[in-house]
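See structure below.
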Amino acid sequence: MTGRIVAALAVLTIMISTGAGPVGAQMLVNGAGATFPYPIYSKWFDEYTKIDPEARFNYQSIGSGAGIKQISARTVDFGATDGPMTDEQLSKAPGALLHIPTVLGAVVATYNLPGAPTVNFGGDVLADIFLGKITKWNDARIASANPGVSLPNQPIIVVHRSDGSGTTYIWVDYLSKVSAEWQQKVGRNTSVNWPVGLGGKGNEGVAGQIKQTPGALGYVELAYAVKNKLPVAAVKNAAGKFVTPTIASTTAAAAGSAKDMPADFRVSLTNAPGEGAYPVASFTWLLVYKDQPDQVKGRALAKFLWWATHEGQRYTDELLYAPLPPQVVTKIEATLKTMTFNGQPLLAAR
Amino acid sequence: MTTATLPARAADFPRARAVLARGDRWFLRVLRGAALTLVAVVLGIFLEMSVSAWPAVRAFGVRFLTTSTWDPVAETFGAVPFLYGTLLSSLLALAVAVPLGIAAAIFLAELAPTWLRGPINFLTEMVAAVPSVVFGLWGIFVLAPLLRTWIQPALGSTLGFLPLFQGPPYGVGMLAAGIILAIMIVPYITAVSREVLLAVPNTQREAALAIGATRWETTRMAVLRYARPGLVGAVLLALGRALGETMAVTMVIGNRPEVAASLFAPGYTMASVIANEFAEATSDLYLAALVEMGLLLFVVTVIVNGLARLLVWRVGGPVKQVRE
């Protein structure tokens, strides 16, 4: 009896040790953060493993706030966020953190109107609707931007996200830029004290609410709106043009801002300059330490980031993210080259 | 054979007793340890939450319990609308679910033909196992439109003189949350109440029938009175679920931190705001305020349970009831 147990244990030990052989040669790079880019990140990790079989990435999409917390506590190797870290957060981190833009997303206004026409909104009009100052669809300020569209004499029922979200941050960041009153009364955050409206949980909660409520108006991610064929509004940009949200017009927002972009990429792209720029757009960022604590992992991360911002961009189309414009990629290259281990650059060969 | 072993056993007896006693002692220790672990977990949760909530407690003090503004940007936090929403939605749910659940339990335990009991019991237990997100989706896509287009306009035109039924019909709101919660807790009330009623001794029924009571009188006087503490327990279990339910409620309540008299108006609950905002809350004070909200929910649950125990105690034991 005892002999059999010993034999079984021996077999088990052999199995474990042979199984552990190849795993030991790999390294696991852990990350956590934003939920919005999760689909493309998991696609990237999957594809990248085919190129570099040594590198395994593990990503927990637990929210931007938690991503910032975990990278600041060094419990993960990289973080991810939909809103840039504040100066205060950066100063609390144990080392210098880099923001690396990976893709762009846009937030769109969607609504429930008979016939689902394309409606044009000025930014100030959107702000006043969300402030509760414009309450009817046939208000003169909406009608003047929409000649030929029949707008019903119906109350506007505002729907917003109830959960804290990067989507909300981008939306209210835009409203803060176009309306002084919004900036002063409400401000920007991942969730705010909404003056009016109903809260829906997640993109699907907001979209569901809008679908069920005649006269409803809310905001969702561009990708979600496209996939579900929701009617979307054209929004007036900084150049005074009404722009329909598309992948191209989202990328145009980053291209328009590229010239004056700060070196750390902590920039808001809402209300960006440029004729074709859709004004409610934003980067999403990966967060990595400039000086990596582990040479092998650090090199893997740097190489992955290079790949993701170059070859990886071709996966954006099928997943409905907007790719980075070339001007921005050039700037990212410079930043990635500053990543070091013990003062030695990790991407020296490039 | 027997006579040969007996003395041997007798000789062994003191030692065997010592072994047994040692076993008993260990048994007692293990059980006591298990019971104390529960106490330690509850105290641990309370302490940990108090420590994490401390920055908010210090910053807002009693204002947290008396103000209604929830503004993450300005970092002013008041819990009143959430407290109100949690209590009102749970009360509403109980108002619907208690009569329904107990009536169903009486039917199942006292009146239903045997062939019908099995299937109904099975279905009841199945409803209890449905994930709450499914109830929530059903709420958004079926219940809310139904409320908005039919039920709320009808209530508004007939009972609109009451502040409870005024305001625009959104569909989602306090009423929708109450109804969803009611549907979710009915199976608990029914299942537990049924067991309680089945545990009432048959002598109770026989005695009542013997003095000429009708079926209804027997149930009311002999069965329900005897079972009252157990029924209160069933309702408590359901109330606990209603107070803490998060996902389904947040999907249909409208998530608006406001104290409104109307059941048509959107509201918010404590559990919902924690679930909604915790993941993306970045500032320390904001996080502390959310933890304090959790602490408050904890305290509310303890108070509600305490009140209910008091109620059971006041109502008294079954024997006293029957003597009255």
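In the structure tokens, chains take the letters A, B, ... in the order shown, each chain's residues start at 1, and ligands count up from 1 in the order shown.
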10 Å contact set for A:Glu181, only C-alpha atoms, chain neighbours under 4 positions out, as a list in words | Asp124, Ala127, Asp128, Leu131, Leu175, Ser176, Lys177, Lys185, Val186 and Gly187 of chain A
Mind writing the picked residues with N, CA and C atoms as a PDB file, in the first residue's frame?
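The resulting file, result.pdb, is shown below:
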```pdb
ATOM      1  N   ASP A 124     -22.104  73.505 -26.800  1.00  0.00           N
ATOM      2  CA  ASP A 124     -22.812  74.261 -25.770  1.00  0.00           C
ATOM      3  C   ASP A 124     -24.233  73.736 -25.595  1.00  0.00           C
ATOM      4  N   ALA A 127     -24.094  70.551 -23.584  1.00  0.00           N
ATOM      5  CA  ALA A 127     -23.856  70.877 -22.178  1.00  0.00           C
ATOM      6  C   ALA A 127     -25.139  71.366 -21.516  1.00  0.00           C
ATOM      7  N   ASP A 128     -25.876  72.235 -22.223  1.00  0.00           N
ATOM      8  CA  ASP A 128     -27.098  72.771 -21.626  1.00  0.00           C
ATOM      9  C   ASP A 128     -28.186  71.701 -21.491  1.00  0.00           C
ATOM     10  N   LEU A 131     -27.178  69.897 -18.503  1.00  0.00           N
ATOM     11  CA  LEU A 131     -27.369  70.727 -17.315  1.00  0.00           C
ATOM     12  C   LEU A 131     -28.855  70.863 -16.967  1.00  0.00           C
ATOM     13  N   LEU A 175     -17.613  68.321 -22.168  1.00  0.00           N
ATOM     14  CA  LEU A 175     -18.610  69.309 -21.751  1.00  0.00           C
ATOM     15  C   LEU A 175     -17.947  70.434 -20.945  1.00  0.00           C
ATOM     16  N   SER A 176     -16.933  70.087 -20.145  1.00  0.00           N
ATOM     17  CA  SER A 176     -16.236  71.115 -19.361  1.00  0.00           C
ATOM     18  C   SER A 176     -15.500  72.095 -20.265  1.00  0.00           C
ATOM     19  N   LYS A 177     -15.000  71.586 -21.404  1.00  0.00           N
ATOM     20  CA  LYS A 177     -14.259  72.465 -22.300  1.00  0.00           C
ATOM     21  C   LYS A 177     -15.168  73.410 -23.071  1.00  0.00           C
ATOM     22  N   LYS A 185     -20.032  74.088 -12.406  1.00  0.00           N
ATOM     23  CA  LYS A 185     -21.074  73.440 -11.587  1.00  0.00           C
ATOM     24  C   LYS A 185     -20.844  71.940 -11.414  1.00  0.00           C
ATOM     25  N   VAL A 186     -20.334  71.290 -12.450  1.00  0.00           N
ATOM     26  CA  VAL A 186     -20.237  69.826 -12.405  1.00  0.00           C
ATOM     27  C   VAL A 186     -18.788  69.355 -12.441  1.00  0.00           C
ATOM     28  N   GLY A 187     -18.043  69.805 -13.450  1.00  0.00           N
ATOM     29  CA  GLY A 187     -16.634  69.420 -13.528  1.00  0.00           C
ATOM     30  C   GLY A 187     -16.430  68.070 -14.170  1.00  0.00           C
TER      31      GLY A 187
END
```
Which residues come within 8 Å of A:Ser191, counting only C-alpha atoms, excluding same-chain residues fewer than 6 positions away, as number ranges by chain?
-> A: 161-165, 168-169; B: 72-73, 277
Could you pull out all residues of stretch 70-209 of chain B with a DSSP call of helix (DSSP H, G or I) and give them as a ChimeraX atom specification?
-> /B:80-111,114-129,132-159,163-165,174-198,202-209
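The smallest atom-to-atom distance between A:Ala277 and any of A:Ala225, A:Leu90, A:Ala106, A:Leu347, using only C-alpha atoms, is found for A:Ala106.
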Extract, using only C-alpha atoms, all DNA, RNA and protein residues at most 9 Å from A:Thr135, discarding same-chain residues fewer than 4 positions from it, and format them as a PyMOL selection string.
-> chain A and resi 128-129+139+154-157
Output the selection as a tab-separated table (two decimals), in the first residue's frame - C-alpha atoms for each residue.
```
chain	number	residue	atom	x	y	z
A	128	ASP	CA	-27.10	72.77	-21.63
A	129	ILE	CA	-29.14	69.61	-22.24
A	139	ASP	CA	-35.96	73.71	-28.62
A	154	GLN	CA	-41.09	65.86	-26.51
A	155	PRO	CA	-39.11	66.08	-23.29
A	156	ILE	CA	-35.44	65.07	-23.57
A	157	ILE	CA	-34.73	62.28	-21.11
```
